[in-house]
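*Asks:* Next up, run.cif (mmCIF, C-alpha atoms).
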```
data_work
#
loop_
_atom_site.label_atom_id
_atom_site.label_comp_id
_atom_site.auth_asym_id
_atom_site.auth_seq_id
_atom_site.Cartn_x
_atom_site.Cartn_y
_atom_site.Cartn_z
CA MET A 1 302.09 44.08 141.90
CA PHE A 2 298.48 42.84 141.96
CA LEU A 3 299.24 39.68 143.94
CA LYS A 4 301.64 41.52 146.21
CA THR A 5 298.99 44.10 147.06
CA PHE A 6 295.84 41.99 147.05
CA GLY A 7 297.31 38.60 147.98
CA TRP A 8 296.43 38.80 151.67
CA SER A 9 292.97 40.13 150.85
CA LEU A 10 292.30 37.13 148.60
CA VAL A 11 293.60 34.70 151.23
CA ILE A 12 291.50 36.31 153.97
CA THR A 13 288.45 36.24 151.69
CA VAL A 14 288.83 32.49 151.18
CA LEU A 15 289.29 31.96 154.94
CA ALA A 16 286.28 34.16 155.74
CA LEU A 17 284.05 32.27 153.29
CA ALA A 18 285.30 28.94 154.67
CA THR A 19 284.53 30.13 158.19
CA ALA A 20 281.05 31.18 157.10
CA LEU A 21 280.47 27.73 155.59
CA ILE A 22 281.58 25.97 158.79
CA TYR A 23 279.68 28.41 161.01
CA GLY A 24 276.46 28.33 158.98
CA SER A 25 275.78 26.94 155.54
CA TRP A 26 276.11 27.84 151.87
CA SER A 27 273.52 30.58 152.42
CA ALA A 28 275.86 32.09 155.04
CA VAL A 29 278.63 32.04 152.43
CA VAL A 30 276.45 33.89 149.93
CA ILE A 31 275.42 36.52 152.51
CA THR A 32 279.04 37.00 153.61
CA LEU A 33 280.09 37.55 150.00
CA ILE A 34 277.22 40.01 149.41
CA LEU A 35 278.22 42.00 152.49
CA GLY A 36 281.83 42.09 151.33
CA VAL A 37 280.83 43.44 147.91
CA LEU A 38 278.48 45.94 149.59
CA GLU A 39 281.28 47.26 151.79
CA ILE A 40 283.70 47.62 148.87
CA SER A 41 281.14 49.48 146.76
CA LEU A 42 280.25 51.80 149.64
CA SER A 43 283.88 52.49 150.52
CA PHE A 44 285.58 52.78 147.11
CA ASP A 45 285.66 56.55 147.52
CA ASN A 46 287.07 55.99 150.99
CA ALA A 47 290.03 54.16 149.43
CA VAL A 48 290.72 57.11 147.12
CA VAL A 49 290.67 59.63 149.98
CA ASN A 50 292.75 57.38 152.21
CA ALA A 51 295.34 56.95 149.44
CA ARG A 52 295.91 60.70 149.22
CA ILE A 53 296.62 60.77 152.97
CA LEU A 54 298.56 57.50 153.09
CA GLU A 55 301.02 58.62 150.41
CA ARG A 56 302.30 61.21 152.87
CA MET A 57 303.20 58.51 155.39
CA SER A 58 306.28 56.32 155.64
CA PRO A 59 306.26 52.59 154.78
CA PHE A 60 306.13 51.85 158.52
CA TRP A 61 302.85 53.73 158.97
CA GLN A 62 301.47 52.26 155.77
CA LYS A 63 302.09 48.83 157.30
CA MET A 64 300.41 50.01 160.50
CA PHE A 65 297.39 50.97 158.41
CA LEU A 66 297.22 47.44 157.00
CA THR A 67 297.84 45.63 160.30
CA VAL A 68 296.70 47.58 163.35
CA GLY A 69 294.26 49.52 161.18
CA ILE A 70 292.55 46.38 159.93
CA VAL A 71 292.14 45.13 163.50
CA ILE A 72 290.45 48.41 164.41
CA ALA A 73 288.30 48.25 161.28
CA VAL A 74 287.16 44.64 161.79
CA PHE A 75 286.81 44.31 165.54
CA GLY A 76 286.50 47.97 166.48
CA MET A 77 283.97 49.26 163.97
CA ARG A 78 282.19 46.07 162.86
CA VAL A 79 281.98 44.29 166.24
CA VAL A 80 282.77 46.48 169.26
CA PHE A 81 281.18 49.72 168.01
CA PRO A 82 277.66 48.25 167.42
CA LEU A 83 277.86 46.46 170.79
CA LEU A 84 278.72 49.72 172.56
CA ILE A 85 275.97 51.62 170.77
CA VAL A 86 273.35 49.07 171.82
CA ALA A 87 274.74 48.89 175.38
CA VAL A 88 274.64 52.67 175.84
CA THR A 89 271.29 53.37 174.18
CA ALA A 90 269.51 50.40 175.77
CA HIS A 91 271.30 50.75 179.13
CA LEU A 92 272.72 47.24 178.98
CA SER A 93 275.97 45.84 180.29
CA PRO A 94 278.57 44.73 177.71
CA VAL A 95 277.81 41.08 178.51
CA GLU A 96 274.06 41.61 178.04
CA SER A 97 274.74 43.40 174.75
CA ILE A 98 276.80 40.45 173.49
CA GLN A 99 274.14 37.97 174.57
CA LEU A 100 271.47 39.99 172.80
CA ALA A 101 273.57 40.11 169.62
CA LEU A 102 274.04 36.34 169.61
CA GLU A 103 270.28 35.82 169.77
CA LYS A 104 270.14 37.12 166.13
CA GLY A 105 266.69 38.65 166.44
CA PRO A 106 265.18 40.30 163.32
CA ILE A 107 265.48 44.03 162.80
CA ASP A 108 261.69 44.61 162.86
CA GLU A 109 261.17 42.97 166.26
CA PRO A 110 261.31 45.45 169.18
CA GLY A 111 263.99 44.69 171.75
CA THR A 112 266.31 42.74 169.48
CA TYR A 113 269.94 43.72 168.92
CA ALA A 114 269.34 44.71 165.29
CA TYR A 115 266.24 46.73 166.25
CA LEU A 116 268.07 48.64 169.00
CA LEU A 117 270.98 49.38 166.70
CA HIS A 118 268.61 50.62 164.02
CA GLU A 119 266.88 52.84 166.61
CA ALA A 120 270.27 54.44 167.33
CA HIS A 121 270.68 55.33 163.65
CA PRO A 122 269.76 59.05 163.95
CA GLN A 123 272.69 59.91 166.22
CA ILE A 124 275.08 57.69 164.27
CA ALA A 125 274.02 59.26 160.97
CA ALA A 126 274.29 62.79 162.37
CA PHE A 127 277.82 62.21 163.67
CA GLY A 128 279.11 60.46 160.55
CA GLY A 129 277.25 62.76 158.17
CA MET A 130 278.71 65.93 159.66
CA PHE A 131 282.25 64.53 159.76
CA LEU A 132 282.10 63.48 156.09
CA LEU A 133 280.39 66.74 155.13
CA MET A 134 283.34 68.72 156.52
CA ILE A 135 285.78 66.63 154.45
CA PHE A 136 283.73 67.41 151.33
CA LEU A 137 283.33 71.12 152.08
CA ASP A 138 287.00 71.67 152.91
CA PHE A 139 287.99 70.11 149.61
CA MET A 140 285.45 71.99 147.52
CA PHE A 141 286.01 75.39 149.12
CA GLU A 142 289.78 75.11 148.71
CA ASP A 143 291.29 77.02 145.78
CA ARG A 144 292.88 74.56 143.34
CA ASP A 145 294.23 74.64 139.79
CA ILE A 146 292.48 71.50 138.52
CA LEU A 147 288.69 71.51 138.38
CA TRP A 148 286.44 68.66 137.30
CA LEU A 149 282.78 69.77 137.38
CA LYS A 150 283.71 73.37 136.65
CA TRP A 151 280.13 74.69 136.59
CA LEU A 152 279.77 73.55 140.22
CA GLU A 153 283.29 73.79 141.58
CA ARG A 154 284.01 77.35 140.43
CA PRO A 155 281.09 78.84 142.44
CA LEU A 156 282.11 76.74 145.45
CA HIS A 157 285.68 78.03 145.22
CA PHE A 158 284.33 81.57 145.05
CA LEU A 159 282.25 80.98 148.19
CA GLY A 160 285.33 79.49 149.83
CA ARG A 161 286.82 82.99 150.06
CA LEU A 162 284.34 83.80 152.82
CA PRO A 163 285.76 83.20 156.31
CA MET A 164 284.51 80.02 158.01
CA VAL A 165 282.03 79.33 155.20
CA ASN A 166 282.48 75.58 155.64
CA VAL A 167 281.34 75.78 159.27
CA VAL A 168 278.41 78.05 158.35
CA VAL A 169 277.18 75.62 155.67
CA ALA A 170 277.66 72.59 157.92
CA LEU A 171 275.80 74.15 160.86
CA ALA A 172 272.99 75.32 158.57
CA LEU A 173 272.49 71.79 157.23
CA LEU A 174 272.69 70.33 160.73
CA ALA A 175 270.04 72.76 161.93
CA LEU A 176 267.83 71.90 158.94
CA PHE A 177 268.00 68.14 159.45
CA GLY A 178 267.86 68.50 163.22
CA VAL A 179 264.64 70.53 163.16
CA THR A 180 262.97 67.98 160.87
CA SER A 181 264.04 64.95 162.94
CA GLY A 182 261.01 65.04 165.25
CA ASP A 183 261.60 63.41 168.63
CA HIS A 184 265.30 62.97 167.83
CA GLN A 185 266.08 66.70 167.59
CA ALA A 186 268.24 66.95 170.70
CA ILE A 187 270.31 63.83 170.09
CA VAL A 188 270.75 64.66 166.39
CA LEU A 189 272.04 68.16 167.15
CA VAL A 190 274.38 66.94 169.89
CA SER A 191 275.71 64.10 167.72
CA GLY A 192 276.17 66.40 164.73
CA ILE A 193 278.12 68.90 166.82
CA ALA A 194 280.20 66.02 168.16
CA GLY A 195 281.02 65.06 164.57
CA LEU A 196 282.15 68.63 163.86
CA VAL A 197 284.26 68.75 167.04
CA THR A 198 285.87 65.42 166.16
CA TYR A 199 286.73 66.66 162.68
CA PHE A 200 288.31 69.88 163.94
CA LEU A 201 290.14 67.97 166.67
CA VAL A 202 291.80 65.40 164.41
CA THR A 203 292.55 67.84 161.60
CA GLY A 204 293.67 70.57 163.97
CA LEU A 205 296.08 68.33 165.83
CA GLY A 206 297.38 67.02 162.50
CA GLY A 207 298.10 70.57 161.38
CA LEU A 208 299.73 71.37 164.73
CA PHE A 209 302.27 68.58 164.43
CA ASP A 210 302.61 68.58 160.63
CA VAL A 211 306.06 69.10 159.18
CA GLY A 212 307.24 71.11 156.25
CA ASP A 213 310.17 70.40 153.99
CA PRO A 214 313.28 70.07 156.20
CA ASP A 215 315.52 71.38 153.44
CA ASP A 216 313.50 74.53 152.86
CA ASP A 217 315.79 77.31 154.05
CA GLY A 218 313.77 80.19 152.61
CA ASN A 219 316.18 80.88 149.74
CA SER A 220 314.91 82.68 146.66
CA PHE A 221 315.35 81.29 143.17
CA GLU A 222 317.08 82.96 140.28
CA SER A 223 314.90 81.48 137.52
CA ALA A 224 311.48 79.97 136.98
CA ASP A 225 313.07 76.66 135.94
CA GLU A 226 315.01 76.50 139.19
CA MET A 227 311.88 77.25 141.17
CA ASP A 228 309.89 74.58 139.27
CA ALA A 229 312.62 72.01 139.88
CA GLU A 230 312.65 72.79 143.60
CA ALA A 231 308.86 72.63 143.77
CA GLY A 232 308.89 69.25 142.04
CA ARG A 233 311.50 67.99 144.47
CA ILE A 234 309.46 69.07 147.49
CA VAL A 235 306.25 67.58 146.11
CA SER A 236 308.02 64.29 145.36
CA LYS A 237 309.40 64.18 148.88
CA ARG A 238 306.01 64.84 150.39
CA ARG A 239 304.42 62.14 148.27
CA LEU A 240 307.03 59.67 149.41
CA GLY A 241 307.30 61.41 152.64
CA HIS A 242 306.41 61.65 154.61
CA VAL A 243 305.57 62.82 157.93
CA THR A 244 306.87 60.89 160.92
CA GLY A 245 306.43 60.76 164.68
CA ARG A 246 303.41 62.54 166.14
CA ALA A 247 302.34 63.92 162.77
CA ALA A 248 302.21 60.43 161.25
CA PHE A 249 300.40 59.07 164.29
CA LEU A 250 297.75 61.78 164.04
CA LEU A 251 297.35 61.15 160.32
CA PHE A 252 296.87 57.48 161.20
CA LEU A 253 294.14 58.43 163.68
CA TYR A 254 292.55 60.65 161.04
CA LEU A 255 292.47 57.71 158.63
CA GLU A 256 290.78 55.55 161.23
CA VAL A 257 288.14 58.20 161.97
CA ILE A 258 287.44 58.55 158.25
CA ASP A 259 287.10 54.77 157.95
CA ALA A 260 284.72 54.78 160.90
CA SER A 261 282.57 57.49 159.33
CA PHE A 262 282.38 55.56 156.06
CA SER A 263 281.45 52.34 157.81
CA PHE A 264 278.44 53.71 159.72
CA ASP A 265 275.95 53.22 156.89
CA GLY A 266 277.39 49.82 156.02
CA VAL A 267 277.15 48.51 159.59
CA ILE A 268 273.56 49.69 160.00
CA GLY A 269 272.53 48.54 156.53
CA ALA A 270 274.04 45.10 157.03
CA PHE A 271 271.39 44.25 159.62
CA ALA A 272 268.74 44.64 156.92
CA ILE A 273 270.44 41.69 155.19
CA THR A 274 271.26 39.53 158.21
CA ALA A 275 270.95 39.85 161.98
CA ASP A 276 273.96 37.59 162.61
CA PRO A 277 276.88 39.70 163.94
CA ILE A 278 279.38 36.94 163.08
CA ILE A 279 278.41 36.98 159.40
CA ILE A 280 278.49 40.78 159.40
CA ALA A 281 282.00 40.78 160.87
CA LEU A 282 283.17 38.26 158.25
CA GLY A 283 281.62 40.09 155.30
CA LEU A 284 281.99 43.77 156.17
CA GLY A 285 285.12 43.41 158.23
CA LEU A 286 287.40 40.68 156.98
CA ILE A 287 286.46 40.80 153.29
CA GLY A 288 285.26 44.37 152.75
CA ALA A 289 287.61 46.30 155.03
CA MET A 290 290.67 44.32 153.92
CA PHE A 291 289.99 44.89 150.21
CA VAL A 292 289.38 48.60 150.80
CA ARG A 293 292.76 48.85 152.50
CA SER A 294 294.44 46.91 149.73
CA LEU A 295 292.87 49.27 147.20
CA THR A 296 294.25 52.20 149.17
CA VAL A 297 297.79 50.82 149.12
CA PHE A 298 297.44 49.92 145.43
CA PHE A 299 296.50 53.51 144.58
CA VAL A 300 299.53 54.78 146.50
CA ARG A 301 302.05 52.38 144.97
CA GLN A 302 300.74 52.82 141.43
CA GLY A 303 300.51 56.60 141.64
CA THR A 304 296.90 56.28 140.49
CA LEU A 305 295.74 59.58 141.93
CA ASP A 306 298.47 61.50 140.11
CA GLU A 307 297.85 59.68 136.84
CA PHE A 308 294.06 60.10 136.96
CA GLU A 309 293.75 63.62 138.31
CA TYR A 310 289.98 63.78 138.63
CA LEU A 311 289.72 60.80 141.00
CA ASP A 312 290.23 63.08 144.00
CA HIS A 313 287.29 65.18 142.86
CA GLY A 314 285.07 62.18 142.15
CA ALA A 315 285.83 60.69 145.57
CA HIS A 316 285.00 63.94 147.36
CA TRP A 317 281.75 64.36 145.43
CA ALA A 318 280.90 60.81 146.48
CA ILE A 319 281.75 61.73 150.08
CA GLY A 320 279.48 64.77 149.84
CA ALA A 321 276.66 62.61 148.48
CA LEU A 322 277.18 60.04 151.25
CA ALA A 323 277.17 62.77 153.90
CA VAL A 324 273.86 64.15 152.63
CA ILE A 325 272.38 60.65 152.39
CA LEU A 326 273.38 59.94 156.00
CA LEU A 327 271.64 63.13 157.11
CA VAL A 328 268.57 62.30 155.03
CA THR A 329 268.39 58.82 156.60
CA ILE A 330 267.81 60.43 159.98
CA THR A 331 264.17 60.70 158.96
CA THR A 332 263.89 58.77 155.68
CA GLU A 333 264.97 55.27 154.69
CA VAL A 334 267.42 55.12 151.78
CA ASN A 335 268.29 51.80 150.17
CA GLU A 336 271.93 50.79 150.60
CA ILE A 337 272.15 49.95 146.91
CA VAL A 338 271.43 53.61 146.09
CA THR A 339 274.16 54.72 148.49
CA GLY A 340 276.69 52.35 146.98
CA LEU A 341 275.81 53.16 143.38
CA ILE A 342 276.18 56.92 143.89
CA GLY A 343 279.75 56.49 145.04
CA VAL A 344 280.59 54.09 142.21
CA VAL A 345 279.04 56.43 139.60
CA PHE A 346 281.09 59.42 140.79
CA ILE A 347 284.32 57.40 140.84
CA LEU A 348 283.73 55.88 137.40
CA ALA A 349 282.77 59.26 135.93
CA ALA A 350 285.92 60.84 137.37
CA PHE A 351 288.03 57.96 136.06
CA VAL A 352 286.63 58.28 132.53
CA SER A 353 287.06 62.06 132.63
CA SER A 354 290.67 61.58 133.72
CA ILE A 355 291.34 59.26 130.77
CA VAL A 356 289.85 61.83 128.38
CA ARG A 357 291.97 64.56 129.98
CA ASN A 358 295.13 62.47 129.66
CA ARG A 359 294.45 61.78 125.98
CA ARG A 360 293.91 65.47 125.29
CA LYS A 361 297.16 66.30 127.04
CA ALA A 362 298.95 63.66 124.96
CA ASP A 363 297.45 65.03 121.74
CA HIS A 364 298.22 68.64 122.67
CA PRO A 365 301.34 68.59 124.85
CA THR A 366 302.71 71.72 126.43
CA PRO A 367 306.09 73.00 125.13
CA ALA A 368 307.93 71.30 128.00
CA GLU A 369 306.38 67.87 127.44
CA PRO A 370 308.04 66.81 124.12
CA ALA A 371 311.48 67.08 125.70
CA MET A 372 310.36 64.90 128.57
CA LEU A 373 308.87 62.32 126.22
CA SER A 374 312.01 62.19 124.11
CA ARG A 375 313.97 61.03 127.13
#
```
Show me the file's structure as structure tokens.
*Replies:*
Amino acid sequence: MFLKTFGWSLVITVLALATALIYGSWSAVVITLILGVLEISLSFDNAVVNARILERMSPFWQKMFLTVGIVIAVFGMRVVFPLLIVAVTAHLSPVESIQLALEKGPIDEPGTYAYLLHEAHPQIAAFGGMFLLMIFLDFMFEDRDILWLKWLERPLHFLGRLPMVNVVVALALLALFGVTSGDHQAIVLVSGIAGLVTYFLVTGLGGLFDVGDPDDDGNSFESADEMDAEAGRIVSKRRLGHVTGRAAFLLFLYLEVIDASFSFDGVIGAFAITADPIIIALGLGLIGAMFVRSLTVFFVRQGTLDEFEYLDHGAHWAIGALAVILLVTITTEVNEIVTGLIGVVFILAAFVSSIVRNRRKADHPTPAEPAMLSR
């Protein structure tokens, strides 16, 4: 299973490092590897969230995520997106933007590609921060049976009963960070609202074309056991199942927007390590993005999220932390190592908590569990 899932990622990593060696030197290889590890650490929570969405999609769309999706991730977000940002903000043509990127000027020198991209950080952070914040708030305000950090999640679930509380909280935070962003107030507010609109657009369209269980005919059940069996059947079908057609396509788009939002901080932060766009594409794109996608598929095929039930919570807390950090970076520099470590800490804590929970369940099974184990 490991080689089947991560085989292509390992092959592409070797090819990317070999390309870096031919293109530059051994120092280029080291930087490429560092960028790959940075991207994986920053996006581990992204893999968990993506896995929960991807498990609803058919094998065809899972393959699309690994093929077309990786092309979008590598060339779209790690190459084309920075070029477009610099071209628009600096009023350059696409050709001039490419030429400027290939000059590899340092990030602290005015007029260079890295400098111009860094100057565009406030609007990028506002857009990505608000999009990720809505993912976090929607999860935390939703009523659910399983809680992880109960002392925090219970009050949030209580607040979730208020109509549109997620939008109220998001707009309040946007106003707070917008007011404190100095000369960038207008662009921060517009970009943040654009992030909210994008979130509602992709999630709203997904809900519009989503499908329920085709075999659900509205029949009532004569016993609780019969109802539980039917519920289990429907859940199993949805985990394997998988939406198709327009619904699957919109879920695919949603995955790509999430990936884009997660990659904003990595793309900007990479220029603090190197100003070479080729090395950044090799490290963040080919190595990092491919391994994140392989992790996503691994979680789906192994049923990791169902086995370790707190991983969803840990990933969303990491998303919330990343969203706040992106908003903070509008006015204050935050080291990329801090950003990456926060996500890793939440995921590891949720993983350990899930193991403890599973052991407690094994030591104190419910009345229905011994019969299942005896089979």
*Asks:* What are the nearest atom pairs, with distances in Å to one decimal, for all residues of range 145-211 of chain A that come at most 8 Å from range 115-128 of chain A, using all atoms listed in the file, set out by chain and rising residue number as a tab-separated table?
*Replies:*
```
residue	atom	partner	partner_atom	distance
A:Leu174	CA	A:Ala126	CA	7.9
A:His184	CA	A:Pro122	CA	7.1
A:Ile187	CA	A:Gln123	CA	6.0
A:Val188	CA	A:Gln123	CA	5.1
A:Leu189	CA	A:Ala126	CA	7.5
A:Ser191	CA	A:Phe127	CA	4.9
A:Gly192	CA	A:Phe127	CA	4.6
A:Ile193	CA	A:Phe127	CA	7.4
A:Ala194	CA	A:Phe127	CA	6.4
A:Gly195	CA	A:Phe127	CA	4.4
A:Leu196	CA	A:Phe127	CA	7.7
```
*Asks:* Rounded to one decimal place, report the CA of Gly288 in chain A-CA of Val11 in chain A distance in Å.
*Replies:*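 Value for the CA of Gly288 in chain A-CA of Val11 in chain A distance: 12.9 Å.
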*Asks:* CA of Gln99 in chain A to CA of Ser25 in chain A: how many Å, to one decimal?
*Replies:*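 Rounded to one decimal, the two atoms are 22.1 Å apart.
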*Asks:* To verify the selection step, state as a PyMOL selection string which residues the PyMOL selection byres ((chain A and resi 47-50) around 9) yields on this input.
*Replies:* chain A and resi 43-46+51-55+255+258-259+292-297+299+305+311-312+315-316+347
*Asks:* What are the closest atom pairs, with distances in Å to one decimal, for each residue of range 229-338 of chain A lying within 9 Å of range 137-149 of chain A, using only C-alpha atoms, rows by chain and rising residue number, as a Markdown table?
*Replies:*
```
| residue | atom | partner | partner_atom | distance |
| --- | --- | --- | --- | --- |
| A:Glu309 | CA | A:Ile146 | CA | 8.0 |
| A:Tyr310 | CA | A:Trp148 | CA | 6.2 |
| A:His313 | CA | A:Trp148 | CA | 6.6 |
| A:Gly314 | CA | A:Trp148 | CA | 8.2 |
| A:His316 | CA | A:Phe139 | CA | 7.2 |
| A:Trp317 | CA | A:Met140 | CA | 8.7 |
| A:Gly320 | CA | A:Leu137 | CA | 7.8 |
```
*Asks:* Do you know which residues the PyMOL selection byres ((chain A and resi 275) around 6) returns on this file, as a VMD selection string?
*Replies:* chain A and resid 104 106 271 274 276
*Asks:* Those residues you just picked out, can you put them in a file as a PDB file, in the coordinates of the input with C-alpha atoms?
*Replies:*
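Final output, saved to out-v5.pdb:
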```pdb
ATOM      1  CA  LYS A 104     270.140  37.120 166.130  1.00  0.00           C
ATOM      2  CA  PRO A 106     265.180  40.300 163.320  1.00  0.00           C
ATOM      3  CA  PHE A 271     271.390  44.250 159.620  1.00  0.00           C
ATOM      4  CA  THR A 274     271.260  39.530 158.210  1.00  0.00           C
ATOM      5  CA  ASP A 276     273.960  37.590 162.610  1.00  0.00           C
TER       6      ASP A 276
END
```
*Asks:* Got a sec to resolve the PyMOL selection byres ((chain A and resi 28) around 10) on this structure and send the residues as a PyMOL selection string?
*Replies:* chain A and resi 17-27+29-34+274+276+279+283
*Asks:* Neighbouring residues of Val88 in chain A were defined as those with any atom within 12 Å, considering only C-alpha atoms; residues of the same chain fewer than 4 positions away were excluded. Please report them as a PDB file with C-alpha atoms, in the frame of the given file.
*Replies:*
```pdb
ATOM      1  CA  PHE A  81     281.180  49.720 168.010  1.00  0.00           C
ATOM      2  CA  PRO A  82     277.660  48.250 167.420  1.00  0.00           C
ATOM      3  CA  LEU A  83     277.860  46.460 170.790  1.00  0.00           C
ATOM      4  CA  LEU A  84     278.720  49.720 172.560  1.00  0.00           C
ATOM      5  CA  LEU A  92     272.720  47.240 178.980  1.00  0.00           C
ATOM      6  CA  SER A  93     275.970  45.840 180.290  1.00  0.00           C
ATOM      7  CA  PRO A  94     278.570  44.730 177.710  1.00  0.00           C
ATOM      8  CA  GLU A  96     274.060  41.610 178.040  1.00  0.00           C
ATOM      9  CA  SER A  97     274.740  43.400 174.750  1.00  0.00           C
ATOM     10  CA  LEU A 116     268.070  48.640 169.000  1.00  0.00           C
ATOM     11  CA  LEU A 117     270.980  49.380 166.700  1.00  0.00           C
ATOM     12  CA  ALA A 120     270.270  54.440 167.330  1.00  0.00           C
TER      13      ALA A 120
END
```
*Asks:* Counting all atoms listed in the file, which residue out of A:Leu250, A:Ala289, A:Val95, A:Ile40 sits closest to Gly69 in chain A?
*Replies:*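 Of the candidates, the smallest distance to Gly69 in chain A is held by A:Ala289.
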*Asks:* For Leu42 in chain A, which residue among A:Phe346, A:Trp8, A:Phe351, A:Trp61 is the nearest when counting only C-alpha atoms?
*Replies:* A:Phe346
*Asks:* Between A:Val168, A:Leu35, A:Ala260, A:Ala362, which one has atoms that come closest to Ala73 in chain A, using all atoms listed in the file?
*Replies:*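 Once distances to Ala73 in chain A are computed over all atoms listed in the file, the minimum belongs to A:Ala260.
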*Asks:* Would you compute the box with edges along x, y and z of the file around range 319-333 of chain A, including every atom the file lists for it and 6 Å extra on each side, and give its centre and edge lengths in Å to one decimal, as JSON?
*Replies:*
```
{"center_x": 272.8, "center_y": 60.0, "center_z": 154.2, "size_x": 29.9, "size_y": 21.5, "size_z": 23.5}
```
*Asks:* Quick one: everything within 7 Å of range 74-76 of chain A, counting only C-alpha atoms, minus sequence neighbours fewer than 6 positions away in the same chain. Send it as number ranges by chain.
*Replies:* A: 281, 285-286, 289
*Asks:* In Å, with one decimal, what is the gap from CA of Leu10 in chain A to CA of Ile280 in chain A?
*Replies:* 17.9 Å
*Asks:* Kindly indicate which residue among A:Leu152, A:Thr331, A:Val197, A:Thr5 lies nearest to Arg301 in chain A, using only C-alpha atoms for the distances.
*Replies:*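 Selected residue with least distance to Arg301 in chain A: A:Thr5.
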*Asks:* Give me, as a ChimeraX atom specification, all polymer residues having an atom no more than 8 Å from Ser9 in chain A, counting only C-alpha atoms and skipping those fewer than 2 positions away in the same chain.
*Replies:* /A:6-7,11-13,287,290-291,294
*Asks:* Mind checking which residues fall within 10 Å of Phe308 in chain A, counting only C-alpha atoms, ignoring those fewer than 3 positions away in the same chain, and posting them as a list in words?
*Replies:*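 Once the nearby chain positions are removed, what remains is Gly303, Thr304, Leu305, Leu311, Asp312, Ala350, Phe351, Val352, Ser353, Ser354, Ile355, Val356, Arg357 and Asn358 of chain A.
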